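Novice: Here you go, this is my_file_17.tsv (TSV, C-alpha atoms and all ligand atoms).
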chain	number	residue	atom	x	y	z
A	1	MET	CA	4.18	-25.87	-27.05
A	2	VAL	CA	5.02	-22.40	-28.29
A	3	ARG	CA	4.15	-19.83	-25.67
A	4	PRO	CA	2.56	-16.61	-26.98
A	5	LYS	CA	4.97	-13.68	-26.76
A	6	GLN	CA	4.58	-11.80	-23.50
A	7	SER	CA	3.39	-8.19	-23.91
A	8	ILE	CA	5.51	-5.31	-22.54
A	9	GLN	CA	2.93	-4.75	-19.81
A	10	SER	CA	2.89	-8.39	-18.74
A	11	HIS	CA	6.69	-8.65	-18.78
A	12	ARG	CA	6.87	-5.44	-16.71
A	13	LYS	CA	4.95	-7.20	-13.89
A	14	ASP	CA	7.67	-9.85	-13.64
A	15	GLU	CA	10.40	-7.21	-13.71
A	16	HIS	CA	8.72	-5.26	-10.89
A	17	VAL	CA	8.69	-8.34	-8.66
A	18	PHE	CA	12.29	-9.22	-9.51
A	19	LEU	CA	13.57	-5.68	-8.93
A	20	ALA	CA	11.46	-5.01	-5.80
A	21	GLU	CA	13.00	-8.13	-4.28
A	22	LYS	CA	16.49	-7.27	-5.56
A	23	PHE	CA	16.40	-3.87	-3.83
A	24	HIS	CA	14.54	-5.04	-0.72
A	25	GLU	CA	16.58	-4.62	2.44
A	26	GLU	CA	15.29	-6.38	5.53
A	27	MET	CA	15.57	-3.47	7.98
A	28	ARG	CA	16.21	-0.44	5.77
A	29	GLN	CA	16.06	2.75	7.84
A	30	ASN	CA	13.13	5.05	7.26
A	31	ASP	CA	11.12	7.80	8.95
A	32	PHE	CA	9.34	5.39	11.29
A	33	ASP	CA	12.70	5.30	13.14
A	34	GLY	CA	12.19	8.99	13.95
A	35	LEU	CA	9.14	8.18	16.11
A	36	ARG	CA	9.33	6.84	19.68
A	37	PHE	CA	6.55	5.82	22.02
A	38	ILE	CA	6.90	6.58	25.72
A	39	HIS	CA	7.13	3.36	27.67
A	40	GLN	CA	4.57	2.88	30.47
A	41	SER	CA	5.61	0.47	33.25
A	42	LEU	CA	2.16	0.05	34.80
A	43	PRO	CA	-0.31	-0.22	31.91
A	44	GLU	CA	-3.00	-2.01	34.05
A	45	ILE	CA	-4.32	-4.12	31.19
A	46	ALA	CA	-4.29	-7.73	29.90
A	47	ILE	CA	-3.20	-8.51	26.35
A	48	ALA	CA	-6.52	-10.31	25.81
A	49	ASP	CA	-8.36	-7.05	26.58
A	50	VAL	CA	-6.81	-5.28	23.58
A	51	ASP	CA	-8.95	-5.07	20.43
A	52	ILE	CA	-6.83	-4.56	17.29
A	53	SER	CA	-9.76	-4.54	14.85
A	54	THR	CA	-10.62	-1.57	12.68
A	55	GLN	CA	-13.55	-0.23	10.72
A	56	PHE	CA	-13.16	0.47	6.98
A	57	GLY	CA	-16.40	2.30	6.13
A	58	PRO	CA	-19.17	-0.18	6.94
A	59	ASN	CA	-16.69	-3.09	6.93
A	60	HIS	CA	-15.24	-4.52	10.11
A	61	TRP	CA	-11.64	-5.73	9.65
A	62	ASP	CA	-10.30	-8.02	12.39
A	63	SER	CA	-6.77	-6.93	11.52
A	64	PRO	CA	-5.51	-3.34	11.18
A	65	PHE	CA	-3.09	-4.25	8.36
A	66	TYR	CA	-3.60	-5.73	4.89
A	67	ILE	CA	-1.76	-7.04	1.85
A	68	ASN	CA	-1.41	-4.11	-0.54
A	69	GLY	CA	-1.57	-4.15	-4.36
A	70	MET	CA	1.26	-5.88	-6.23
A	71	THR	CA	0.70	-8.86	-8.44
A	72	GLY	CA	-1.21	-10.43	-11.33
A	73	GLY	CA	-0.89	-9.75	-15.04
A	74	SER	CA	1.68	-12.46	-15.90
A	75	GLN	CA	2.01	-16.20	-15.34
A	76	GLN	CA	4.69	-15.74	-12.68
A	77	THR	CA	2.69	-13.17	-10.75
A	78	LYS	CA	-0.40	-15.41	-11.02
A	79	LYS	CA	1.48	-17.85	-8.78
A	80	ILE	CA	2.30	-15.09	-6.31
A	81	ASN	CA	-1.34	-13.94	-6.30
A	82	ALA	CA	-2.37	-17.52	-5.53
A	83	GLN	CA	0.08	-17.69	-2.62
A	84	LEU	CA	-0.92	-14.28	-1.24
A	85	ALA	CA	-4.57	-15.35	-1.46
A	86	GLN	CA	-3.74	-18.47	0.59
A	87	VAL	CA	-2.12	-16.23	3.20
A	88	ALA	CA	-5.16	-13.93	3.18
A	89	GLN	CA	-7.46	-16.91	3.60
A	90	ILE	CA	-5.53	-18.35	6.57
A	91	THR	CA	-5.01	-15.01	8.35
A	92	GLY	CA	-8.24	-13.22	7.42
A	93	LEU	CA	-6.26	-10.27	6.08
A	94	PRO	CA	-7.81	-8.07	3.37
A	95	MET	CA	-5.84	-8.33	0.12
A	96	ALA	CA	-5.40	-5.99	-2.85
A	97	THR	CA	-4.32	-7.20	-6.28
A	98	GLY	CA	-1.91	-5.46	-8.61
A	99	SER	CA	-3.16	-3.33	-11.46
A	100	GLN	CA	-5.81	-5.16	-13.52
A	101	SER	CA	-6.02	-2.88	-16.54
A	102	VAL	CA	-3.62	-5.23	-18.37
A	103	ALA	CA	-6.21	-8.02	-18.03
A	104	VAL	CA	-9.09	-5.78	-19.09
A	105	LYS	CA	-7.18	-5.24	-22.36
A	106	ASP	CA	-5.98	-8.86	-22.71
A	107	PRO	CA	-8.55	-11.45	-21.52
A	108	SER	CA	-5.91	-14.23	-21.54
A	109	LEU	CA	-4.54	-12.63	-18.35
A	110	VAL	CA	-7.84	-12.57	-16.42
A	111	ASP	CA	-7.05	-15.83	-14.63
A	112	THR	CA	-3.88	-14.28	-13.14
A	113	PHE	CA	-6.30	-12.26	-10.99
A	114	THR	CA	-9.34	-14.53	-10.62
A	115	ILE	CA	-7.05	-17.21	-9.13
A	116	ILE	CA	-7.27	-15.34	-5.81
A	117	ARG	CA	-10.96	-16.20	-5.49
A	118	GLU	CA	-10.16	-19.91	-5.88
A	119	TYR	CA	-8.04	-19.73	-2.73
A	120	ASN	CA	-9.94	-17.04	-0.86
A	121	PRO	CA	-13.58	-17.01	-2.02
A	122	GLU	CA	-15.00	-15.13	0.97
A	123	GLY	CA	-12.18	-12.72	1.88
A	124	PHE	CA	-12.13	-8.95	1.51
A	125	VAL	CA	-10.52	-8.17	-1.87
A	126	LEU	CA	-9.48	-4.79	-3.21
A	127	GLY	CA	-9.20	-4.49	-6.99
A	128	ASN	CA	-6.67	-2.11	-8.53
A	129	ILE	CA	-6.40	0.03	-11.66
A	130	GLY	CA	-4.29	3.01	-12.66
A	131	ALA	CA	-5.61	6.57	-12.83
A	132	GLY	CA	-6.39	7.46	-16.43
A	133	ASN	CA	-8.73	4.49	-16.83
A	134	ASP	CA	-12.43	5.15	-17.28
A	135	LEU	CA	-15.53	3.93	-15.47
A	136	ALA	CA	-15.98	0.91	-17.76
A	137	VAL	CA	-12.48	-0.36	-16.90
A	138	ALA	CA	-13.16	0.22	-13.19
A	139	GLN	CA	-16.39	-1.77	-13.39
A	140	GLN	CA	-14.72	-4.64	-15.25
A	141	ALA	CA	-11.88	-4.72	-12.72
A	142	VAL	CA	-14.32	-4.98	-9.81
A	143	ALA	CA	-16.42	-7.64	-11.55
A	144	MET	CA	-13.30	-9.68	-12.43
A	145	THR	CA	-12.59	-10.70	-8.82
A	146	ASN	CA	-15.92	-9.74	-7.28
A	147	ALA	CA	-13.92	-7.10	-5.40
A	148	ASN	CA	-15.21	-5.43	-2.23
A	149	ALA	CA	-13.40	-2.15	-2.97
A	150	LEU	CA	-11.25	-0.64	-5.73
A	151	GLU	CA	-7.83	0.99	-5.46
A	152	ILE	CA	-6.99	3.59	-8.12
A	153	HIS	CA	-3.27	4.30	-8.13
A	154	VAL	CA	-1.82	7.72	-8.93
A	155	ASN	CA	1.82	7.31	-9.91
A	156	THR	CA	3.18	10.25	-11.93
A	157	THR	CA	6.72	9.73	-10.65
A	158	GLN	CA	6.74	6.09	-11.70
A	159	GLU	CA	5.24	6.89	-15.13
A	160	ILE	CA	7.83	9.59	-15.76
A	161	VAL	CA	10.80	7.38	-14.95
A	162	MET	CA	9.25	4.40	-16.80
A	163	PRO	CA	10.49	4.49	-20.42
A	164	GLU	CA	7.08	3.42	-21.79
A	165	GLY	CA	5.12	5.42	-19.16
A	166	ASP	CA	2.19	7.81	-19.58
A	167	ARG	CA	3.01	11.43	-20.36
A	168	GLN	CA	-0.37	13.04	-19.63
A	169	PHE	CA	-1.78	13.30	-16.14
A	170	TYR	CA	-5.32	14.69	-16.50
A	171	TRP	CA	-6.84	12.25	-14.05
A	172	LEU	CA	-9.30	13.99	-11.75
A	173	ASP	CA	-12.39	13.95	-14.01
A	174	GLN	CA	-12.23	10.20	-14.56
A	175	ILE	CA	-11.57	9.52	-10.88
A	176	ALA	CA	-14.58	11.71	-10.01
A	177	GLU	CA	-16.85	9.75	-12.36
A	178	ILE	CA	-15.67	6.40	-10.99
A	179	VAL	CA	-16.16	7.53	-7.38
A	180	ASP	CA	-19.62	8.78	-8.26
A	181	GLN	CA	-20.79	5.71	-10.19
A	182	LEU	CA	-19.02	2.66	-8.80
A	183	THR	CA	-21.01	0.51	-6.36
A	184	VAL	CA	-18.00	-0.36	-4.15
A	185	PRO	CA	-15.77	2.06	-2.15
A	186	VAL	CA	-12.87	3.64	-4.04
A	187	ILE	CA	-9.44	4.23	-2.50
A	188	VAL	CA	-7.10	6.58	-4.34
A	189	LYS	CA	-3.55	5.47	-3.60
A	190	GLU	CA	0.02	6.52	-4.29
A	191	VAL	CA	2.70	3.94	-4.99
A	192	GLY	CA	5.42	4.98	-2.56
A	193	PHE	CA	5.86	8.72	-3.14
A	194	GLY	CA	3.43	9.94	-0.48
A	195	MET	CA	0.72	12.57	-0.61
A	196	SER	CA	0.44	16.22	0.33
A	197	ALA	CA	-2.43	18.05	2.01
A	198	GLU	CA	-2.95	19.83	-1.35
A	199	THR	CA	-3.48	16.50	-3.14
A	200	MET	CA	-5.84	15.30	-0.41
A	201	ALA	CA	-7.87	18.52	-0.75
A	202	GLN	CA	-8.15	17.94	-4.52
A	203	LEU	CA	-9.35	14.38	-3.94
A	204	GLN	CA	-11.80	15.45	-1.24
A	205	SER	CA	-13.25	18.11	-3.57
A	206	ILE	CA	-14.27	15.45	-6.12
A	207	GLY	CA	-15.91	13.21	-3.52
A	208	VAL	CA	-13.12	10.72	-2.76
A	209	GLN	CA	-13.65	9.25	0.70
A	210	ALA	CA	-10.66	6.96	1.16
A	211	ILE	CA	-6.98	7.61	0.45
A	212	ASP	CA	-3.88	5.44	0.82
A	213	ILE	CA	-1.08	7.99	1.19
A	214	SER	CA	1.52	5.29	0.30
A	215	GLY	CA	4.73	7.10	1.12
A	216	ARG	CA	8.48	6.84	0.69
A	217	GLY	CA	10.50	4.54	2.92
A	218	GLY	CA	10.12	1.08	1.39
A	219	THR	CA	9.71	-0.03	-2.22
A	220	ASN	CA	11.05	2.74	-4.44
A	221	PHE	CA	9.67	2.89	-7.98
A	222	VAL	CA	12.27	5.44	-9.06
A	223	THR	CA	14.96	2.84	-8.31
A	224	ILE	CA	12.93	0.06	-9.96
A	225	GLU	CA	11.95	1.94	-13.13
A	226	ASN	CA	15.38	3.54	-13.44
A	227	GLU	CA	16.93	0.07	-13.41
A	228	ARG	CA	14.64	-0.88	-16.33
A	229	ARG	CA	16.01	2.04	-18.39
A	230	HIS	CA	19.08	1.53	-20.56
A	231	ASP	CA	20.34	5.05	-19.80
A	232	LYS	CA	19.65	4.87	-16.01
A	233	ALA	CA	18.89	8.58	-16.37
A	234	TYR	CA	16.89	9.21	-13.20
A	235	ASP	CA	19.02	7.94	-10.29
A	236	TYR	CA	19.13	11.46	-8.78
A	237	LEU	CA	15.34	11.29	-8.21
A	238	GLU	CA	15.48	8.45	-5.68
A	239	GLY	CA	14.68	10.69	-2.70
A	240	TRP	CA	11.55	12.14	-4.32
A	241	GLY	CA	8.28	12.40	-2.41
A	242	GLN	CA	7.01	12.52	1.15
A	243	SER	CA	7.72	9.64	3.50
A	244	THR	CA	4.82	7.69	4.94
A	245	VAL	CA	5.25	9.46	8.28
A	246	GLU	CA	5.34	12.90	6.60
A	247	SER	CA	2.27	12.01	4.53
A	248	LEU	CA	0.40	10.99	7.67
A	249	PHE	CA	1.30	14.39	9.13
A	250	GLU	CA	-0.09	15.94	5.93
A	251	SER	CA	-3.34	14.02	6.44
A	252	GLN	CA	-4.01	15.48	9.92
A	253	GLY	CA	-6.66	17.96	8.74
A	254	PHE	CA	-8.53	15.27	6.77
A	255	GLN	CA	-8.72	12.43	9.25
A	256	ASN	CA	-12.17	13.39	10.58
A	257	ASP	CA	-13.74	13.45	7.12
A	258	LEU	CA	-11.78	10.90	5.08
A	259	THR	CA	-10.57	7.36	5.67
A	260	ILE	CA	-6.79	7.57	5.64
A	261	LEU	CA	-4.92	4.36	4.91
A	262	ALA	CA	-1.14	4.23	5.18
A	263	SER	CA	1.47	2.19	3.36
A	264	GLY	CA	5.10	2.46	2.32
A	265	GLY	CA	8.06	1.04	4.20
A	266	ILE	CA	6.20	-1.03	6.79
A	267	ARG	CA	8.78	-3.50	8.11
A	268	ASN	CA	7.29	-4.89	11.33
A	269	PRO	CA	4.36	-4.70	13.77
A	270	LEU	CA	5.77	-1.59	15.48
A	271	ASP	CA	5.68	0.34	12.18
A	272	VAL	CA	2.02	-0.68	11.82
A	273	ILE	CA	1.28	0.66	15.32
A	274	LYS	CA	3.13	3.93	14.61
A	275	ALA	CA	1.12	4.48	11.41
A	276	LEU	CA	-2.11	3.77	13.28
A	277	ARG	CA	-1.02	6.19	16.03
A	278	LEU	CA	-0.57	8.92	13.40
A	279	GLY	CA	-4.16	8.48	12.25
A	280	ALA	CA	-4.27	5.63	9.74
A	281	THR	CA	-7.43	3.52	9.78
A	282	ALA	CA	-5.48	0.55	8.45
A	283	VAL	CA	-1.99	-0.10	7.14
A	284	GLY	CA	-0.98	-1.69	3.80
A	285	VAL	CA	2.16	-3.75	3.31
A	286	SER	CA	3.66	-4.74	-0.04
A	287	GLY	CA	7.45	-5.17	-0.33
A	288	GLN	CA	7.90	-6.83	3.06
A	289	PHE	CA	5.15	-9.41	2.41
A	290	LEU	CA	6.42	-10.06	-1.11
A	291	HIS	CA	9.82	-10.77	0.38
A	292	MET	CA	8.31	-13.21	2.91
A	293	ILE	CA	6.27	-15.05	0.27
A	294	LEU	CA	9.26	-15.44	-2.04
A	295	LYS	CA	11.54	-16.56	0.79
A	296	ASP	CA	9.21	-18.64	2.97
A	297	GLY	CA	6.15	-19.61	0.91
A	298	PRO	CA	2.52	-19.20	1.96
A	299	THR	CA	2.29	-21.45	5.04
A	300	VAL	CA	5.21	-19.92	6.92
A	301	THR	CA	4.25	-16.40	5.78
A	302	ALA	CA	0.74	-16.92	7.16
A	303	GLU	CA	2.24	-18.06	10.50
A	304	LYS	CA	4.43	-14.96	10.58
A	305	LEU	CA	1.48	-12.66	9.88
A	306	LEU	CA	-0.60	-14.30	12.61
A	307	ALA	CA	2.39	-13.52	14.85
A	308	TRP	CA	2.27	-9.87	13.63
A	309	GLN	CA	-1.34	-9.70	14.80
A	310	ALA	CA	-0.44	-11.14	18.22
A	311	GLN	CA	2.53	-8.78	18.56
A	312	ILE	CA	0.45	-5.72	17.68
A	313	GLN	CA	-1.97	-6.74	20.43
A	314	ALA	CA	0.91	-7.25	22.89
A	315	ILE	CA	2.61	-3.92	22.11
A	316	MET	CA	-0.69	-2.06	22.41
A	317	ALA	CA	-1.09	-3.68	25.84
A	318	MET	CA	2.39	-2.44	26.75
A	319	LEU	CA	1.23	1.05	25.80
A	320	GLY	CA	-1.86	0.62	28.00
A	321	VAL	CA	-4.40	1.16	25.19
A	322	HIS	CA	-7.50	-0.99	24.64
A	323	ASN	CA	-8.19	-0.19	20.99
A	324	LEU	CA	-7.15	1.95	18.00
A	325	THR	CA	-9.07	4.97	19.30
A	326	GLU	CA	-7.10	4.98	22.54
A	327	LEU	CA	-3.86	4.31	20.62
A	328	LYS	CA	-4.30	7.63	18.79
A	329	GLN	CA	-3.76	9.39	22.16
A	330	ALA	CA	-0.59	7.48	23.14
A	331	PRO	CA	2.32	9.87	23.84
A	332	LEU	CA	4.84	9.94	21.00
A	333	ILE	CA	8.15	11.75	20.50
A	334	VAL	CA	9.26	12.86	17.03
A	335	SER	CA	12.85	13.38	15.84
A	336	PRO	CA	14.25	16.89	15.16
A	337	GLU	CA	13.99	16.23	11.39
A	338	LEU	CA	10.31	15.34	11.65
A	339	ARG	CA	9.70	18.30	14.00
A	340	HIS	CA	11.26	20.51	11.33
A	341	TYR	CA	8.89	19.06	8.72
A	342	LEU	CA	5.91	19.75	10.99
A	343	ASN	CA	7.07	23.32	11.55
A	344	GLU	CA	7.72	24.03	7.87
A	345	ARG	CA	4.28	22.72	6.94
A	346	HIS	CA	2.58	24.54	9.85
A	347	LEU	CA	1.39	21.28	11.43
A	348	THR	CA	1.51	20.19	15.06
B	1	LIG	C1	3.64	-2.52	-6.23
B	1	LIG	N1	2.76	-1.45	-6.02
B	1	LIG	C2	1.63	-1.34	-6.81
B	1	LIG	N2	0.65	-0.44	-6.47
B	1	LIG	C3	-0.49	-0.36	-7.20
B	1	LIG	O1	-1.36	0.42	-6.85
B	1	LIG	N3	-0.67	-1.15	-8.30
B	1	LIG	C4	0.27	-2.08	-8.70
B	1	LIG	O2	0.08	-2.79	-9.68
B	1	LIG	C5	1.46	-2.18	-7.93
B	1	LIG	N4	2.44	-3.08	-8.28
B	1	LIG	C6	3.48	-3.32	-7.39
B	1	LIG	C7	4.35	-4.38	-7.63
B	1	LIG	C8	5.34	-4.68	-6.71
B	1	LIG	C9	6.25	-5.85	-6.97
B	1	LIG	C10	5.47	-3.90	-5.52
B	1	LIG	C11	6.53	-4.23	-4.49
B	1	LIG	C12	4.64	-2.83	-5.31
B	1	LIG	C13	3.01	-0.44	-4.96
B	1	LIG	C14	2.55	-0.87	-3.58
B	1	LIG	O3	1.17	-1.12	-3.52
B	1	LIG	C15	2.92	0.18	-2.51
B	1	LIG	O4	2.22	1.37	-2.75
B	1	LIG	C16	4.41	0.48	-2.49
B	1	LIG	O5	5.15	-0.67	-2.81
B	1	LIG	C17	4.90	0.97	-1.13
B	1	LIG	O6	4.71	0.00	-0.12
B	1	LIG	P1	5.89	-0.98	0.42
B	1	LIG	O7	6.26	-1.89	-0.70
B	1	LIG	O8	7.02	-0.09	0.81
B	1	LIG	O9	5.27	-1.73	1.56
Represent the structure contained in this file as structure tokens.
Specialist:
Amino acid sequence: MVRPKQSIQSHRKDEHVFLAEKFHEEMRQNDFDGLRFIHQSLPEIAIADVDISTQFGPNHWDSPFYINGMTGGSQQTKKINAQLAQVAQITGLPMATGSQSVAVKDPSLVDTFTIIREYNPEGFVLGNIGAGNDLAVAQQAVAMTNANALEIHVNTTQEIVMPEGDRQFYWLDQIAEIVDQLTVPVIVKEVGFGMSAETMAQLQSIGVQAIDISGRGGTNFVTIENERRHDKAYDYLEGWGQSTVESLFESQGFQNDLTILASGGIRNPLDVIKALRLGATAVGVSGQFLHMILKDGPTVTAEKLLAWQAQIQAIMAMLGVHNLTELKQAPLIVSPELRHYLNERHLT
């Protein structure tokens, strides 16, 4: 059988997985290392009394972390979507797909996304499209997987380093229309470069209610897209953007009005707890879960993620907090570098 030639967009999905895994380092240092909880020797609590669930708008999530957007759009990433959906089904974790606009343009790729519903018909699914797509694309993306929410990614840095990337970034009007018209909640997300308070104010002004600040510290799309370039012209840009911790600091003034989700560089349950402590409603994980799925397959990955849930509950008990609201008051020390960031940005 002669396979139809893979489009640039579809091939790119395979390259992203290959390069994300190539550059993945198990315990890469990041800004979460600059945060320390204060140990409490007498927490007066039982692990079973700790509730790790969270509330995303009207939706109750049993787990405060979720599988963030990565795959679909090629035959190889269809398999990964199927495996991630199995993990989501076993663990009850919410799961986002990778960008679906490729399948809106090319219907032969629709099954690389709809496969997740075969394995996880009832689970909470977040669809995903890029900014710059219109309302019709957003509606088709949601309908494709019967999604419960839609992620719209804003990724200027990635587009600029990507040889075939977009060169125009007039995005707000279309995002505003989608937020206004779509029947499911919309999350505007970065892809690992973090967000500033200025960006959050822009999003708030057009009615956005949920933001994933997706910061620096894990998967780095400058490294990935630069590797895809023949001239490797952008290696000096690898430190671009705010880290996830810095972006959570930036979100301080918005946390009462907006739902702030955090992702970027989450390596373990303690990172999840630190992000929740800094005000995240829930925490997304991509690179680390991709690595587990590729290395261990779905059954073992699901076991590991059930262990993450148990460990989050245990560590919260160690801190003496009963739920995510109490966690937000747990004493925390920040490193001199992070203190400097807070000072420079006039935050506390
Ligand atoms: C991504 N990410 C991503 N984000 C998005 O909104 N749409 C997408 O299609 C993709 N595709 C994608 C592919 C692969 C292989 C990876 C690893 C990541 C970005 C992702 O959702 C997240 O924002 C960043 O990866 C930062 O989180 P981690 O990987 O450091 O946990």
Novice: So, with only C-alpha atoms as the atoms that count, which of A:Lys189, A:Arg345, A:Lys304, A:Lys79 lies closest to A:Gly127?
Specialist: A:Lys189
Novice: Using all atoms listed in the file, which residues sit within 10 Å of A:Trp308 once same-chain residues fewer than 2 positions away are excluded, as a compact mmCIF listing (two decimals) with C-alpha atoms, in the frame of the given file?
Specialist:
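As a result, selection-v4.txt now contains:
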# COMPACT_ATOMS: atom_id res chain seq x y z
CA SER A 63 -6.77 -6.93 11.52
CA PHE A 65 -3.09 -4.25 8.36
CA ASN A 268 7.29 -4.89 11.33
CA PRO A 269 4.36 -4.70 13.77
CA LEU A 270 5.77 -1.59 15.48
CA VAL A 272 2.02 -0.68 11.82
CA ALA A 302 0.74 -16.92 7.16
CA GLU A 303 2.24 -18.06 10.50
CA LYS A 304 4.43 -14.96 10.58
CA LEU A 305 1.48 -12.66 9.88
CA LEU A 306 -0.60 -14.30 12.61
CA ALA A 310 -0.44 -11.14 18.22
CA GLN A 311 2.53 -8.78 18.56
CA ILE A 312 0.45 -5.72 17.68
CA GLN A 313 -1.97 -6.74 20.43
CA ALA A 314 0.91 -7.25 22.89
Novice: Residues of chain A that approach ligand LIG 1 (chain B) to 8 Å or less, counting all atoms listed in the file: could you list each one with the shortest pair of atoms and its distance in Å to one decimal, rows by chain and increasing residue number, as CSV?
Specialist:
residue,atom,partner,partner_atom,distance
A:Lys13,CA,B:LIG1,C7,6.9
A:Asp14,CA,B:LIG1,C9,7.9
A:His16,CA,B:LIG1,C9,4.7
A:Val17,CA,B:LIG1,C9,3.9
A:Phe18,CA,B:LIG1,C9,7.4
A:Leu19,CA,B:LIG1,C9,7.6
A:Ala20,CA,B:LIG1,C11,5.2
A:Glu21,CA,B:LIG1,C11,7.6
A:Asn68,CA,B:LIG1,O3,4.9
A:Gly69,CA,B:LIG1,O3,4.2
A:Met70,CA,B:LIG1,C6,3.6
A:Thr71,CA,B:LIG1,C7,5.8
A:Gly72,CA,B:LIG1,O2,7.9
A:Thr97,CA,B:LIG1,O2,7.1
A:Gly98,CA,B:LIG1,O2,3.5
A:Ser99,CA,B:LIG1,O2,3.7
A:Gln100,CA,B:LIG1,O2,7.4
A:Asn128,CA,B:LIG1,N3,6.1
A:Ile129,CA,B:LIG1,N3,6.7
A:Gly130,CA,B:LIG1,O1,7.0
A:Glu151,CA,B:LIG1,O1,6.6
A:Ile152,CA,B:LIG1,O1,6.6
A:His153,CA,B:LIG1,O1,4.5
A:Val154,CA,B:LIG1,O1,7.6
A:Lys189,CA,B:LIG1,O1,6.4
A:Glu190,CA,B:LIG1,O4,5.8
A:Val191,CA,B:LIG1,O4,3.4
A:Gly192,CA,B:LIG1,C17,4.3
A:Ser214,CA,B:LIG1,O4,5.0
A:Gly215,CA,B:LIG1,C17,6.5
A:Arg216,CA,B:LIG1,O8,7.1
A:Gly217,CA,B:LIG1,O8,6.2
A:Gly218,CA,B:LIG1,O8,3.4
A:Thr219,CA,B:LIG1,O8,4.1
A:Asn220,CA,B:LIG1,O5,7.0
A:Phe221,CA,B:LIG1,O5,7.7
A:Ser263,CA,B:LIG1,O6,5.2
A:Gly264,CA,B:LIG1,O6,3.5
A:Gly265,CA,B:LIG1,O8,3.7
A:Ile266,CA,B:LIG1,O9,5.4
A:Arg267,CA,B:LIG1,O9,7.6
A:Gly284,CA,B:LIG1,O9,6.6
A:Val285,CA,B:LIG1,O9,4.1
A:Ser286,CA,B:LIG1,O9,3.8
A:Gly287,CA,B:LIG1,O7,3.5
A:Gln288,CA,B:LIG1,O9,5.9
A:Phe289,CA,B:LIG1,O9,7.7
A:Leu290,CA,B:LIG1,C11,6.7
Novice: Tell me, as a count of residues only, which residues lie within 6 Å of stretch 81-95 of chain A, counting all atoms listed in the file; anything in the same chain fewer than 6 positions away does not count.
Specialist: 11
Novice: Taking (3.5, 12.9, -1.2) in the file's own coordinates, collect the residues within 12 Å, counting only C-alpha atoms, and hand them back as a PyMOL selection string.
Specialist: chain A and resi 154-157+189-200+211-217+239-251+262-264
Novice: Just the selected residues (C-alpha atoms), exported as a PDB file, keeping the file's coordinate frame, please.
Specialist:
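Listing of again_0.pdb after writing:
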ATOM      1  CA  VAL A 154      -1.820   7.720  -8.930  1.00  0.00           C
ATOM      2  CA  ASN A 155       1.820   7.310  -9.910  1.00  0.00           C
ATOM      3  CA  THR A 156       3.180  10.250 -11.930  1.00  0.00           C
ATOM      4  CA  THR A 157       6.720   9.730 -10.650  1.00  0.00           C
ATOM      5  CA  LYS A 189      -3.550   5.470  -3.600  1.00  0.00           C
ATOM      6  CA  GLU A 190       0.020   6.520  -4.290  1.00  0.00           C
ATOM      7  CA  VAL A 191       2.700   3.940  -4.990  1.00  0.00           C
ATOM      8  CA  GLY A 192       5.420   4.980  -2.560  1.00  0.00           C
ATOM      9  CA  PHE A 193       5.860   8.720  -3.140  1.00  0.00           C
ATOM     10  CA  GLY A 194       3.430   9.940  -0.480  1.00  0.00           C
ATOM     11  CA  MET A 195       0.720  12.570  -0.610  1.00  0.00           C
ATOM     12  CA  SER A 196       0.440  16.220   0.330  1.00  0.00           C
ATOM     13  CA  ALA A 197      -2.430  18.050   2.010  1.00  0.00           C
ATOM     14  CA  GLU A 198      -2.950  19.830  -1.350  1.00  0.00           C
ATOM     15  CA  THR A 199      -3.480  16.500  -3.140  1.00  0.00           C
ATOM     16  CA  MET A 200      -5.840  15.300  -0.410  1.00  0.00           C
ATOM     17  CA  ILE A 211      -6.980   7.610   0.450  1.00  0.00           C
ATOM     18  CA  ASP A 212      -3.880   5.440   0.820  1.00  0.00           C
ATOM     19  CA  ILE A 213      -1.080   7.990   1.190  1.00  0.00           C
ATOM     20  CA  SER A 214       1.520   5.290   0.300  1.00  0.00           C
ATOM     21  CA  GLY A 215       4.730   7.100   1.120  1.00  0.00           C
ATOM     22  CA  ARG A 216       8.480   6.840   0.690  1.00  0.00           C
ATOM     23  CA  GLY A 217      10.500   4.540   2.920  1.00  0.00           C
ATOM     24  CA  GLY A 239      14.680  10.690  -2.700  1.00  0.00           C
ATOM     25  CA  TRP A 240      11.550  12.140  -4.320  1.00  0.00           C
ATOM     26  CA  GLY A 241       8.280  12.400  -2.410  1.00  0.00           C
ATOM     27  CA  GLN A 242       7.010  12.520   1.150  1.00  0.00           C
ATOM     28  CA  SER A 243       7.720   9.640   3.500  1.00  0.00           C
ATOM     29  CA  THR A 244       4.820   7.690   4.940  1.00  0.00           C
ATOM     30  CA  VAL A 245       5.250   9.460   8.280  1.00  0.00           C
ATOM     31  CA  GLU A 246       5.340  12.900   6.600  1.00  0.00           C
ATOM     32  CA  SER A 247       2.270  12.010   4.530  1.00  0.00           C
ATOM     33  CA  LEU A 248       0.400  10.990   7.670  1.00  0.00           C
ATOM     34  CA  PHE A 249       1.300  14.390   9.130  1.00  0.00           C
ATOM     35  CA  GLU A 250      -0.090  15.940   5.930  1.00  0.00           C
ATOM     36  CA  SER A 251      -3.340  14.020   6.440  1.00  0.00           C
ATOM     37  CA  ALA A 262      -1.140   4.230   5.180  1.00  0.00           C
ATOM     38  CA  SER A 263       1.470   2.190   3.360  1.00  0.00           C
ATOM     39  CA  GLY A 264       5.100   2.460   2.320  1.00  0.00           C
TER      40      GLY A 264
END
Novice: The centre and edge lengths of an axis-aligned box containing all atoms of stretch 118-131 of chain A present in the file, extended by 8 Å on each side, are to be given in Å to one decimal, as JSON.
Specialist:
{"center_x": -9.6, "center_y": -6.7, "center_z": -5.5, "size_x": 26.7, "size_y": 42.5, "size_z": 30.7}
